[in-house]
Amino acid sequence: MTIKIFIGLTEIAGYYGNLKRGFQEIGIECTFIDLSSHPFEYNRDDEPNILVQICKWNLRQMKKVNYKILKAPFFVSNKILMIPIFIWTLYHFNVFIFAFGHSFFRNHDLPLLKFFNKKVLFIFNGSDERPPYIDGSRHNLTPDDYKKISREIKSNIVAIEKYADCVLTNPASAHYHIKKCGNICSIGLPFESSVKGINHQIGDHDHVQILHSPSDPIGKGSDHIRNSINILEKKGYNINYIEITGKPHHQVIEELQKCDFIIDQVYSDQPMATFATEAAWFGKPAVVGGYYTDHIHNDFTQKHIPPSLFCHPDEITTAIEHLIVDEEFRLDLGKKAQEFIRTQRTPEMVARRYLQIIEGSILEEHMFDPNNIQYVQGYGMPESQSKEIIRNMIEHYGIESLCLSDKPKLEQRFMEYAYDIRE
């Protein structure tokens, strides 16, 4: 059987455009349709027919309109157009890869896909699956909000796992999953920059140039990072700190080529997410903070852990200082990161691992059991904040509001974490 792959319906930091490229490089027919509306201008998706072209035109018009009532006709039109687009994909493809936890009709179409014997893969990217009470990208929510969102995410995952042939996700955010999953981090983030060279050469300035480009300054801990830079400047280090937020992707790439290293974020649940990966392409090392640094070896073998300066959030200032003062270490880490990205995370290599999943031959080292998860600190917030949120949920609605009753050991671990209960 000839494999024909559909990817959709959104883009996340260039992931799916690069995955499409990887499939094409190994000779597999693949179409990627992005019907989301995002500001970062990756532009690597397809417009295979007039229906998709109209949908994308509608999206562009919606972005220009300031009032919700004026957006409604474009929104309704896209919903109607989704029906013939879905029928078209049923006819043309036998493998469907869905992004961010949703298919064409918010997963109500999954039984139909299985009826027509389609292979279905779902890729989760973090906030689409992570328990909201340990997700710092969600701001200013009440305990009731956390309870409702927890139920929604859990219900969505249960529905997906009923029909999906495989789910791929990060072990650090997969608390609500039940079945064995593909480890998206060891399978790899497919990346290849259209920019091949490096404009900036080390040693052409008398300062250390540091770049931070947060998509969400609160969740990325930008205040913490700015404070660390201030501390180090007061110690006498000559630092040129550049921070970019909400700018087109090409502007970020331009600054990446000029810097000595980047600071990705403070509370990450993986050592090399998208921004750190882009930096690695240019041989620029990354400082990445996260509580997951204490747990990563429970979920990954050493060869699958990408080279970054992955440290505890409390050690961010020390890590930044290390890369400032130790140029040899900085350059060596940058070279290792570049080699890792250009050999282990090429679109072609990642696509071949996806092909193994599709064909049922994926290596066991690229799979994990969510029932063995131990990590509870989450992403995008300090421990004190997540502990308070969890305590408020338990005290208002009981521990069952965490939606972890199917994993009593993990549920108990969250209880002990929130109330600082030591064994």
# chains A, B, ... in the order shown; residues from 1 in each chain; ligands from 1
>>> residues_around(residues="Gly101 (chain A)", least_positions_apart="5", cutoff="8 Å", atoms="only C-alpha atoms", output="VMD selection string")
chain A and resid 122 to 124 128 to 129 156 to 157 160
>>> write_last_selection(atoms="N, CA and C atoms", output="PDB file, in the first residue's frame")
ATOM      1  N   PHE A 122      -1.810  11.294  16.642  1.00  0.00           N
ATOM      2  CA  PHE A 122      -2.002  12.594  17.269  1.00  0.00           C
ATOM      3  C   PHE A 122      -0.699  13.041  17.919  1.00  0.00           C
ATOM      4  N   ILE A 123      -0.350  14.296  17.681  1.00  0.00           N
ATOM      5  CA  ILE A 123       0.836  14.876  18.304  1.00  0.00           C
ATOM      6  C   ILE A 123       0.396  15.954  19.282  1.00  0.00           C
ATOM      7  N   PHE A 124       0.854  15.839  20.522  1.00  0.00           N
ATOM      8  CA  PHE A 124       0.564  16.853  21.530  1.00  0.00           C
ATOM      9  C   PHE A 124       1.807  17.703  21.752  1.00  0.00           C
ATOM     10  N   ASP A 128      -1.773  21.736  25.166  1.00  0.00           N
ATOM     11  CA  ASP A 128      -2.968  21.032  24.724  1.00  0.00           C
ATOM     12  C   ASP A 128      -3.249  19.778  25.550  1.00  0.00           C
ATOM     13  N   GLU A 129      -2.351  19.404  26.439  1.00  0.00           N
ATOM     14  CA  GLU A 129      -2.520  18.171  27.203  1.00  0.00           C
ATOM     15  C   GLU A 129      -2.095  18.302  28.663  1.00  0.00           C
ATOM     16  N   ASN A 156     -10.852  14.938  26.377  1.00  0.00           N
ATOM     17  CA  ASN A 156     -10.360  14.978  24.999  1.00  0.00           C
ATOM     18  C   ASN A 156      -9.316  13.891  24.763  1.00  0.00           C
ATOM     19  N   ILE A 157      -8.415  13.719  25.724  1.00  0.00           N
ATOM     20  CA  ILE A 157      -7.369  12.706  25.591  1.00  0.00           C
ATOM     21  C   ILE A 157      -7.964  11.301  25.590  1.00  0.00           C
ATOM     22  N   ILE A 160      -9.469  10.693  22.194  1.00  0.00           N
ATOM     23  CA  ILE A 160      -8.423  10.502  21.181  1.00  0.00           C
ATOM     24  C   ILE A 160      -7.797   9.121  21.294  1.00  0.00           C
TER      25      ILE A 160
END
>>> residues_around(residues="region 218-225 of chain A", least_positions_apart="5", cutoff="7 Å", atoms="only C-alpha atoms", output="JSON, numbers by chain")
{"A": [136, 137, 265, 266, 267, 380, 381]}
>>> closest_atom_pairs(of="region 146-249 of chain A", to="region 295-316 of chain A", cutoff="10 Å", atoms="only C-alpha atoms", output="CSV")
residue,atom,partner,partner_atom,distance
A:Asn170,CA,A:Asp299,CA,9.4
A:Pro171,CA,A:Asp299,CA,6.8
A:Ala172,CA,A:Ile296,CA,8.3
A:Asn183,CA,A:Asp299,CA,8.9
A:Cys185,CA,A:His304,CA,7.8
A:Ser186,CA,A:His304,CA,5.3
A:Ile187,CA,A:His304,CA,8.5
A:Gly188,CA,A:His304,CA,8.6
A:Gly221,CA,A:Pro313,CA,9.4
A:His224,CA,A:Ile316,CA,8.6
A:Ile225,CA,A:Ile316,CA,7.7
A:Ser228,CA,A:Ile316,CA,7.3
A:Ile229,CA,A:Ile316,CA,9.9
>>> closest_residue(among="A:Gln61, A:Asn240, A:Thr277, A:Asn371", to="Arg226 (chain A)", atoms="only C-alpha atoms")
A:Asn240
>>> closest_atom_pairs(of="region 343-391 of chain A", to="region 14-26 of chain A", cutoff="6 Å", atoms="only C-alpha atoms", output="tab-separated table")
residue	atom	partner	partner_atom	distance
A:Pro347	CA	A:Gly22	CA	4.0
A:Glu348	CA	A:Gly22	CA	4.1
A:Ala351	CA	A:Gly22	CA	5.1
>>> write_last_selection(atoms="N, CA and C atoms", output="mmCIF file, in the first residue's frame")
data_model
loop_
_atom_site.group_PDB
_atom_site.id
_atom_site.type_symbol
_atom_site.label_atom_id
_atom_site.label_comp_id
_atom_site.auth_asym_id
_atom_site.auth_seq_id
_atom_site.Cartn_x
_atom_site.Cartn_y
_atom_site.Cartn_z
ATOM 1 N N PRO A 347 14.841 16.814 9.463
ATOM 2 C CA PRO A 347 13.491 16.405 9.055
ATOM 3 C C PRO A 347 13.446 14.986 8.506
ATOM 4 N N GLU A 348 14.459 14.594 7.734
ATOM 5 C CA GLU A 348 14.477 13.254 7.165
ATOM 6 C C GLU A 348 14.541 12.181 8.255
ATOM 7 N N ALA A 351 11.277 12.057 10.217
ATOM 8 C CA ALA A 351 10.231 11.455 9.381
ATOM 9 C C ALA A 351 10.384 9.940 9.298
#
>>> select_by_dssp(residues="region 125-198 of chain A", states="alpha helix (DSSP H)", output="mmCIF file with C-alpha atoms, in the first residue's frame")
data_model
loop_
_atom_site.group_PDB
_atom_site.id
_atom_site.type_symbol
_atom_site.label_atom_id
_atom_site.label_comp_id
_atom_site.auth_asym_id
_atom_site.auth_seq_id
_atom_site.Cartn_x
_atom_site.Cartn_y
_atom_site.Cartn_z
ATOM 1 C CA PRO A 143 -9.885 26.981 41.059
ATOM 2 C CA ASP A 144 -13.140 26.404 39.178
ATOM 3 C CA ASP A 145 -11.417 27.265 35.896
ATOM 4 C CA TYR A 146 -8.638 24.787 36.619
ATOM 5 C CA LYS A 147 -11.187 22.085 37.454
ATOM 6 C CA LYS A 148 -13.191 22.645 34.252
ATOM 7 C CA ILE A 149 -10.127 22.790 32.006
ATOM 8 C CA SER A 150 -8.714 19.652 33.641
ATOM 9 C CA ARG A 151 -11.894 17.759 32.827
ATOM 10 C CA GLU A 152 -11.960 19.065 29.258
ATOM 11 C CA ILE A 153 -8.367 18.059 28.573
ATOM 12 C CA LYS A 154 -8.752 14.660 30.201
ATOM 13 C CA SER A 155 -11.975 13.939 28.269
ATOM 14 C CA ASN A 156 -10.360 14.978 24.999
ATOM 15 C CA ILE A 157 -7.369 12.706 25.591
ATOM 16 C CA VAL A 158 -9.603 9.746 26.496
ATOM 17 C CA ALA A 159 -11.588 10.241 23.269
ATOM 18 C CA ILE A 160 -8.423 10.502 21.181
ATOM 19 C CA GLU A 161 -6.797 7.430 22.692
ATOM 20 C CA LYS A 162 -9.951 5.433 21.913
ATOM 21 C CA TYR A 163 -9.390 5.891 18.181
ATOM 22 C CA ILE A 184 8.109 13.012 20.914
ATOM 23 C CA CYS A 185 11.340 14.343 22.438
ATOM 24 C CA SER A 186 13.419 11.250 21.668
ATOM 25 C CA ILE A 187 11.763 10.844 18.262
#
>>> select_by_dssp(residues="region 233-370 of chain A", states="strand (DSSP E or B)", output="list of chain:residue names")
A:Ile239, A:Asn240, A:Tyr241, A:Ile242, A:Glu243, A:Phe261, A:Ile262, A:Ile263, A:Asp264, A:Gln265, A:Ala286, A:Val287, A:Val288, A:Gly289, A:Leu309, A:Phe310, A:Cys311, A:Met367, A:Phe368
>>> residues_around(residues="region 206-210 of chain A", least_positions_apart="6", cutoff="9 Å", atoms="only C-alpha atoms", output="CSV table (one decimal) with C-alpha atoms, in the first residue's frame")
chain,number,residue,atom,x,y,z
A,237,TYR,CA,30.3,41.7,33.1
A,238,ASN,CA,30.0,43.5,29.7
A,239,ILE,CA,26.7,42.1,28.4
A,240,ASN,CA,24.6,43.1,25.5
A,241,TYR,CA,21.2,41.6,26.4
A,242,ILE,CA,18.6,41.6,23.6
A,243,GLU,CA,15.0,40.5,24.1
A,258,LYS,CA,24.7,37.6,16.0
A,259,CYS,CA,24.5,36.3,19.6
A,260,ASP,CA,27.0,34.3,21.6
A,261,PHE,CA,24.3,32.3,23.3
A,262,ILE,CA,20.7,32.3,24.2
A,263,ILE,CA,18.6,32.0,27.3
A,324,ILE,CA,29.9,34.3,30.0
>>> closest_residue(among="A:Lys284, A:Lys235, A:Arg353, A:Arg422", to="Thr317 (chain A)", atoms="only C-alpha atoms")
A:Lys235
>>> atom_distance(atom1="CA of Leu121 (chain A)", atom2="CA of Val95 (chain A)")
7.8 Å
>>> closest_atom_pairs(of="region 107-192 of chain A", to="region 68-87 of chain A", cutoff="12 Å", atoms="only C-alpha atoms", output="JSON lines")
{"residue": "A:Asp109", "atom": "CA", "partner": "A:Phe86", "partner_atom": "CA", "distance": 9.1}
{"residue": "A:Leu110", "atom": "CA", "partner": "A:Phe86", "partner_atom": "CA", "distance": 11.4}
{"residue": "A:Leu112", "atom": "CA", "partner": "A:Phe86", "partner_atom": "CA", "distance": 10.7}
{"residue": "A:Leu113", "atom": "CA", "partner": "A:Phe86", "partner_atom": "CA", "distance": 10.0}
{"residue": "A:Phe116", "atom": "CA", "partner": "A:Ile87", "partner_atom": "CA", "distance": 11.5}
